[in-house]
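Structure, as structure tokens:
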Protein chains: 2
Amino acid sequence: MEKQYKPANTPQSNKISRRTWLGGAAAATMLYVQSSFGKTIQVAAPLLLPTPDDPTKKVGPGPSKLGKRSLYETPVRKPSDISSRTPLQDLYSTITPSDLHFERHHGGVPVIDPEKYELLIHGMINKPMKFTLHDLKRFPSVTRTCFIECAGNFRTGKENMTVQEVCGLTSQSEWTGVMLSTLFREVGVNPKATWFLAEGGDAAVLTRSIPVKKGWDDAMIVYAQNGEAIRPEQGYPARLLLPGWEGNTSVKWIRRIEISDQPYMTREETSKYTYPVKDRIRQFSFEMDARSIITYPSYPAKVEPGWIEIRGIAWTGRGKVREVQISTDAGKNWNIAKLQGPVLDKAHTYFRYLWQWHGQETEILSRVIDETGYTQPTLKQLIEARGEDMGGYHLNPVTAWVIKNDGSVLFKPEQLR
Amino acid sequence: MEKQYKPANTPQSNKISRRTWLGGAAAATMLYVQSSFGKTIQVAAPLLLPTPDDPTKKVGPGPSKLGKRSLYETPVRKPSDISSRTPLQDLYSTITPSDLHFERHHGGVPVIDPEKYELLIHGMINKPMKFTLHDLKRFPSVTRTCFIECAGNFRTGKENMTVQEVCGLTSQSEWTGVMLSTLFREVGVNPKATWFLAEGGDAAVLTRSIPVKKGWDDAMIVYAQNGEAIRPEQGYPARLLLPGWEGNTSVKWIRRIEISDQPYMTREETSKYTYPVKDRIRQFSFEMDARSIITYPSYPAKVEPGWIEIRGIAWTGRGKVREVQISTDAGKNWNIAKLQGPVLDKAHTYFRYLWQWHGQETEILSRVIDETGYTQPTLKQLIEARGEDMGGYHLNPVTAWVIKNDGSVLFKPEQLR
């Protein structure tokens, strides 16, 4: 047995050069025994990286202050003028690395000195107070893992779209901070109060009106993300977190909360974040609807006949994911996917479904049912409920990927009309 | 009420300069209303960062491909020649950011081309096989969150030691990969097999003998960490993961598994990772013992009289944390801390305990009891059980922090002798 073992690249030399690497790669591949699943996926073009033929013959760099990604892994967000999108197709589970969390802001990312930061709470309360970051950190703290999704998280239009392009405006972190209810008790919120204004300290001074009920329920002021201080793009040094609600209500760089008995009708809830539902306008549609998407296989992956583990994420702003169903025949039949536990409240939930593909063109789809019984709609159902002109918010249709005969995977934009 | 609100720094100008910042900082501080907890902790020296006096008057940078930490947050590992340590005192919950995961390796961090990577499984099996990374990713996958801790995770000796210095060789990630049992079934492991050799593809070609039973139980080959591809220092493109076992057995850059019916007695389990227990040598002590440590307040934090939330992490290689107890009077009385749920198997578990400090010098301690009933020992108990010369492995004594009258917090090294 042992003779069969041979390093992937029998080393002639441990010198690293472009020539060695390029020349060695093809030859080395010939040394491979047949891999268990047959053909290996080829990279489009050889990478020119300083990689030794045999890493066991080259002492690597020692420990460092901060780790770095492999040179072979380059996940990036897709920045536009106003947002950047998480590369969900590159991810394997539910935590979004902090530097890949989607961004959406209305006045850029402010630089805020944590020693100068303050959160003012005033309005219909007993005792108006300002809290420094140090103050906030002294309160009893809580950690929870949940998603944040932009209300406008949907794009379509062409076949060569990645998950990132279709719905990359959702990300998940482990957040830590103080319950807003703790601060409400500290300042003595008037029992007659029904709304509060949340104001951000960025150049947009973004404001939203939030029902006080949410403040007493599960709202938080968070100052930590995935174990460490919250990132600047996510509201450093502190943001409001409204689990399950449309992302912009989780006001970043939060600097002021004013308690009131009516909504404030700010720009971001009148000119934006409202949308037509037939002949009416829907406003204050806070909860994100249940949604799921297959992240593997998805464009631009290429698959081979045989067993494929279909993977993806499902989530709902209304509680927990109850079930994810998968169709591998364009929606005719549905099967139940496995959910990765623990299934958390208002959190991206990873699902998996093992499927044997026989090489024929087909469509694969996922749909989620949440614990309230809500089922992710098709686009047809969305149009029936809301009319042809639905605007750009709260669009959560079932998404299909086409698998071609040659194994290439394409987004299916026409599912939407 | 509203008149009381004023931005922390009333802007005279939005120009950013060192002079503005330094000059403005003290003046701006005078505008603060009394913060709810009284005195604000002062930074040791003013930071010279490009921070506008009023961030709302300055449009910030737009979305980017990769986010970055705030300039005010600079957590780093502590590299030595052979390892680097996680700054646990800077963290707020249980996920360790991937670039802060501790490092320990015996031949540096190898650069491995994922397209050339292979894992060979051979020995007492039906069908020796090589798996490419692509092969490994095609198998049914599993995600789990657990800690990895170095067997030698203990230092002492002086008062000005941080948590990072005392026990920064433990970190936690959300890992994704394939169960080793899945691969064992694929290759047909002989029922008579009892041990396997795990071999790394680094310059040290690190090897350890592992009971096959662990392979059938919860061992994994993982290729993803905190959502994305595993980091180079953690074994890119794939490592063995043995939840709850001493870190070096979770062989990084895993390239070979040989199945056998006896241990291999490799260098790393004879010259290292063994230690005296009275007149004998303990070998193959795989499970990490239950441990806890208070991460806040800890050196170099400074506290004020009043309410303090004592925070920290507890973990055990034998299952779940059942209880964490806190003493605020040098071990005379113990109280039960709150555990942050969900409490996961073989995972760092965050604990919190609210305590009112009246300004007198005292010692604060934590101890954990795991679900097997094992209680974290004092150093005295460890010495009684193992003798004076305990070596450097599996040392998990209760750790105390001294709080001085002036609020400064110091490590207590003499607790150990």
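Chain labels A, B, ... are given in the sequence in which chains occur in the structure tokens; within each chain residues are numbered consecutively from 1, and ligands are likewise numbered from 1 in the order shown.
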| query | Counting only C-alpha atoms, what is within 6 Å of Cys146 of chain A, bar same-chain residues fewer than 3 positions away, as a PyMOL selection string? | reply | chain A and resi 172+346-347
Write out the residues from the selection above, keeping N, CA and C atoms, as a PDB file, in the first residue's frame.
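As a result, part35.pdb now contains:
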```pdb
ATOM      1  N   GLN A 172     -24.827  37.527   7.480  1.00  0.00           N
ATOM      2  CA  GLN A 172     -25.126  37.127   8.861  1.00  0.00           C
ATOM      3  C   GLN A 172     -23.894  37.250   9.750  1.00  0.00           C
ATOM      4  N   LYS A 346     -34.614  33.985  13.187  1.00  0.00           N
ATOM      5  CA  LYS A 346     -34.281  35.107  12.289  1.00  0.00           C
ATOM      6  C   LYS A 346     -32.828  35.012  11.803  1.00  0.00           C
ATOM      7  N   ALA A 347     -32.476  33.825  11.373  1.00  0.00           N
ATOM      8  CA  ALA A 347     -31.077  33.575  11.004  1.00  0.00           C
ATOM      9  C   ALA A 347     -30.993  32.793   9.694  1.00  0.00           C
TER      10      ALA A 347
END
```
| Tyr296 of chain A: which residues within 10 Å, counting only C-alpha atoms, same-chain residues fewer than 5 positions away excluded, as a ChimeraX atom specification? | /A:88-92,163,301-303,308-313,352,401,409
For the residues selected in the previous step, produce a file with N, CA and C atoms as a PDB file, in the first residue's frame.
```pdb
ATOM      1  N   LEU A  88     -22.156  35.187  -1.825  1.00  0.00           N
ATOM      2  CA  LEU A  88     -22.760  34.011  -1.178  1.00  0.00           C
ATOM      3  C   LEU A  88     -22.358  32.704  -1.857  1.00  0.00           C
ATOM      4  N   GLN A  89     -22.068  32.769  -3.167  1.00  0.00           N
ATOM      5  CA  GLN A  89     -21.698  31.532  -3.872  1.00  0.00           C
ATOM      6  C   GLN A  89     -20.340  31.011  -3.425  1.00  0.00           C
ATOM      7  N   ASP A  90     -19.546  31.856  -2.769  1.00  0.00           N
ATOM      8  CA  ASP A  90     -18.221  31.434  -2.295  1.00  0.00           C
ATOM      9  C   ASP A  90     -18.263  30.945  -0.849  1.00  0.00           C
ATOM     10  N   LEU A  91     -19.399  31.030  -0.192  1.00  0.00           N
ATOM     11  CA  LEU A  91     -19.468  30.720   1.238  1.00  0.00           C
ATOM     12  C   LEU A  91     -20.031  29.316   1.468  1.00  0.00           C
ATOM     13  N   TYR A  92     -19.662  28.769   2.624  1.00  0.00           N
ATOM     14  CA  TYR A  92     -19.984  27.370   2.912  1.00  0.00           C
ATOM     15  C   TYR A  92     -20.919  27.184   4.091  1.00  0.00           C
ATOM     16  N   VAL A 163     -25.211  34.282  -7.419  1.00  0.00           N
ATOM     17  CA  VAL A 163     -26.056  34.479  -6.238  1.00  0.00           C
ATOM     18  C   VAL A 163     -25.801  35.872  -5.659  1.00  0.00           C
ATOM     19  N   ALA A 301     -20.797  27.888 -11.492  1.00  0.00           N
ATOM     20  CA  ALA A 301     -20.311  26.526 -11.237  1.00  0.00           C
ATOM     21  C   ALA A 301     -20.580  25.637 -12.452  1.00  0.00           C
ATOM     22  N   LYS A 302     -19.813  24.570 -12.526  1.00  0.00           N
ATOM     23  CA  LYS A 302     -20.042  23.560 -13.548  1.00  0.00           C
ATOM     24  C   LYS A 302     -20.079  22.224 -12.829  1.00  0.00           C
ATOM     25  N   VAL A 303     -21.055  21.411 -13.106  1.00  0.00           N
ATOM     26  CA  VAL A 303     -21.188  20.154 -12.379  1.00  0.00           C
ATOM     27  C   VAL A 303     -20.987  18.957 -13.311  1.00  0.00           C
ATOM     28  N   ILE A 308     -24.606  15.097  -6.373  1.00  0.00           N
ATOM     29  CA  ILE A 308     -24.378  16.526  -6.138  1.00  0.00           C
ATOM     30  C   ILE A 308     -25.082  16.889  -4.840  1.00  0.00           C
ATOM     31  N   GLU A 309     -24.366  17.522  -3.930  1.00  0.00           N
ATOM     32  CA  GLU A 309     -25.055  18.053  -2.756  1.00  0.00           C
ATOM     33  C   GLU A 309     -25.519  19.471  -3.070  1.00  0.00           C
ATOM     34  N   ILE A 310     -26.815  19.628  -3.209  1.00  0.00           N
ATOM     35  CA  ILE A 310     -27.391  20.963  -3.410  1.00  0.00           C
ATOM     36  C   ILE A 310     -27.358  21.674  -2.069  1.00  0.00           C
ATOM     37  N   ARG A 311     -26.820  22.891  -2.073  1.00  0.00           N
ATOM     38  CA  ARG A 311     -26.629  23.619  -0.816  1.00  0.00           C
ATOM     39  C   ARG A 311     -27.142  25.048  -0.942  1.00  0.00           C
ATOM     40  N   GLY A 312     -27.543  25.605   0.170  1.00  0.00           N
ATOM     41  CA  GLY A 312     -27.980  26.991   0.124  1.00  0.00           C
ATOM     42  C   GLY A 312     -28.382  27.512   1.481  1.00  0.00           C
ATOM     43  N   ILE A 313     -28.932  28.714   1.472  1.00  0.00           N
ATOM     44  CA  ILE A 313     -29.389  29.322   2.722  1.00  0.00           C
ATOM     45  C   ILE A 313     -30.865  29.686   2.624  1.00  0.00           C
ATOM     46  N   ARG A 352     -29.160  21.453   2.874  1.00  0.00           N
ATOM     47  CA  ARG A 352     -28.439  20.563   1.970  1.00  0.00           C
ATOM     48  C   ARG A 352     -29.367  19.461   1.484  1.00  0.00           C
ATOM     49  N   TRP A 401     -32.264  27.641 -10.914  1.00  0.00           N
ATOM     50  CA  TRP A 401     -31.031  27.551 -11.676  1.00  0.00           C
ATOM     51  C   TRP A 401     -31.210  26.474 -12.736  1.00  0.00           C
ATOM     52  N   VAL A 409     -24.201  25.840 -15.261  1.00  0.00           N
ATOM     53  CA  VAL A 409     -25.346  26.263 -14.454  1.00  0.00           C
ATOM     54  C   VAL A 409     -25.627  27.737 -14.745  1.00  0.00           C
TER      55      VAL A 409
END
```
| request: Check the DSSP output for the backbone and give back, as number ranges by chain, the residues of segment 111-201 of chain B in strand (DSSP E). | output: B: 118-123, 129-132, 142-149, 170-179, 195-200
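Our summary of the geometry notes that atom CA of Tyr350 of chain B is positioned 28.3 Å from atom CA of Gly215 of chain B.
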| remark: Counting only C-alpha atoms, closest pick from B:Ile254, B:Met161, B:Val166, B:Leu365 relative to chain A is B:Ile254
| request: Give as a VMD selection string every residue of chain B that touches chain A within 6 Å, counting only C-alpha atoms. | output: chain B and resid 35 51 55 to 67 69 to 70 76 to 77 79 83 to 84 91 to 93 95 to 96 99 to 100 107 to 111 130 to 131 201 to 203 226 to 228 231 to 232
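Ranking B:Gln283, B:Ser292, B:Ser327, B:Thr274 by their shortest atom-to-atom distance to Gly391 of chain B, with only C-alpha atoms included, puts B:Thr274 first.
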| query | If you count only C-alpha atoms, which residues fall within 12 Å of Arg282 of chain A, apart from same-chain ones fewer than 2 positions away, as a PyMOL selection string? | reply | chain A and resi 269-280+284-286+386+390-391+393-394
Please produce a file of those selected residues containing N, CA and C atoms, as an mmCIF file, in the first residue's frame.
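And here's result-v3.cif as it stands now:
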```
data_model
loop_
_atom_site.group_PDB
_atom_site.id
_atom_site.type_symbol
_atom_site.label_atom_id
_atom_site.label_comp_id
_atom_site.auth_asym_id
_atom_site.auth_seq_id
_atom_site.Cartn_x
_atom_site.Cartn_y
_atom_site.Cartn_z
ATOM 1 N N GLU A 269 -38.667 56.720 4.793
ATOM 2 C CA GLU A 269 -39.876 55.899 4.875
ATOM 3 C C GLU A 269 -41.027 56.518 4.088
ATOM 4 N N THR A 270 -40.676 57.560 3.303
ATOM 5 C CA THR A 270 -41.699 58.135 2.424
ATOM 6 C C THR A 270 -41.236 58.040 0.973
ATOM 7 N N SER A 271 -40.087 58.699 0.672
ATOM 8 C CA SER A 271 -39.605 58.611 -0.715
ATOM 9 C C SER A 271 -38.985 57.252 -1.000
ATOM 10 N N LYS A 272 -38.549 56.557 0.048
ATOM 11 C CA LYS A 272 -37.929 55.247 -0.135
ATOM 12 C C LYS A 272 -38.593 54.230 0.789
ATOM 13 N N TYR A 273 -38.251 52.974 0.567
ATOM 14 C CA TYR A 273 -38.705 51.889 1.440
ATOM 15 C C TYR A 273 -40.235 51.840 1.589
ATOM 16 N N THR A 274 -40.933 52.329 0.557
ATOM 17 C CA THR A 274 -42.365 52.111 0.410
ATOM 18 C C THR A 274 -42.550 51.565 -1.002
ATOM 19 N N TYR A 275 -43.654 50.895 -1.283
ATOM 20 C CA TYR A 275 -43.825 50.324 -2.623
ATOM 21 C C TYR A 275 -45.300 50.029 -2.876
ATOM 22 N N PRO A 276 -45.656 50.024 -4.168
ATOM 23 C CA PRO A 276 -47.068 49.810 -4.504
ATOM 24 C C PRO A 276 -47.494 48.360 -4.290
ATOM 25 N N VAL A 277 -48.666 48.208 -3.734
ATOM 26 C CA VAL A 277 -49.327 46.900 -3.671
ATOM 27 C C VAL A 277 -50.710 47.127 -4.277
ATOM 28 N N LYS A 278 -50.820 46.727 -5.536
ATOM 29 C CA LYS A 278 -52.005 47.044 -6.340
ATOM 30 C C LYS A 278 -52.247 48.559 -6.313
ATOM 31 N N ASP A 279 -53.375 49.036 -5.844
ATOM 32 C CA ASP A 279 -53.623 50.488 -5.936
ATOM 33 C C ASP A 279 -53.258 51.236 -4.657
ATOM 34 N N ARG A 280 -52.499 50.589 -3.783
ATOM 35 C CA ARG A 280 -52.102 51.255 -2.552
ATOM 36 C C ARG A 280 -50.586 51.271 -2.407
ATOM 37 N N PHE A 284 -43.867 51.080 6.101
ATOM 38 C CA PHE A 284 -43.546 50.400 7.364
ATOM 39 C C PHE A 284 -43.724 48.880 7.256
ATOM 40 N N SER A 285 -43.209 48.329 6.180
ATOM 41 C CA SER A 285 -43.255 46.870 6.002
ATOM 42 C C SER A 285 -41.940 46.335 6.528
ATOM 43 N N PHE A 286 -41.884 46.176 7.825
ATOM 44 C CA PHE A 286 -40.601 45.943 8.471
ATOM 45 C C PHE A 286 -40.041 44.531 8.306
ATOM 46 N N ARG A 386 -49.571 41.500 -5.557
ATOM 47 C CA ARG A 386 -49.136 42.893 -5.463
ATOM 48 C C ARG A 386 -49.318 43.700 -6.737
ATOM 49 N N MET A 390 -44.464 46.200 -8.918
ATOM 50 C CA MET A 390 -44.269 45.863 -7.505
ATOM 51 C C MET A 390 -43.199 46.708 -6.833
ATOM 52 N N GLY A 391 -42.521 47.563 -7.616
ATOM 53 C CA GLY A 391 -41.405 48.308 -7.038
ATOM 54 C C GLY A 391 -40.235 47.375 -6.773
ATOM 55 N N TYR A 393 -38.831 46.549 -3.578
ATOM 56 C CA TYR A 393 -38.612 46.099 -2.195
ATOM 57 C C TYR A 393 -39.374 44.819 -1.865
ATOM 58 N N HIS A 394 -38.802 44.054 -0.971
ATOM 59 C CA HIS A 394 -39.464 42.840 -0.449
ATOM 60 C C HIS A 394 -39.846 41.878 -1.566
#
```
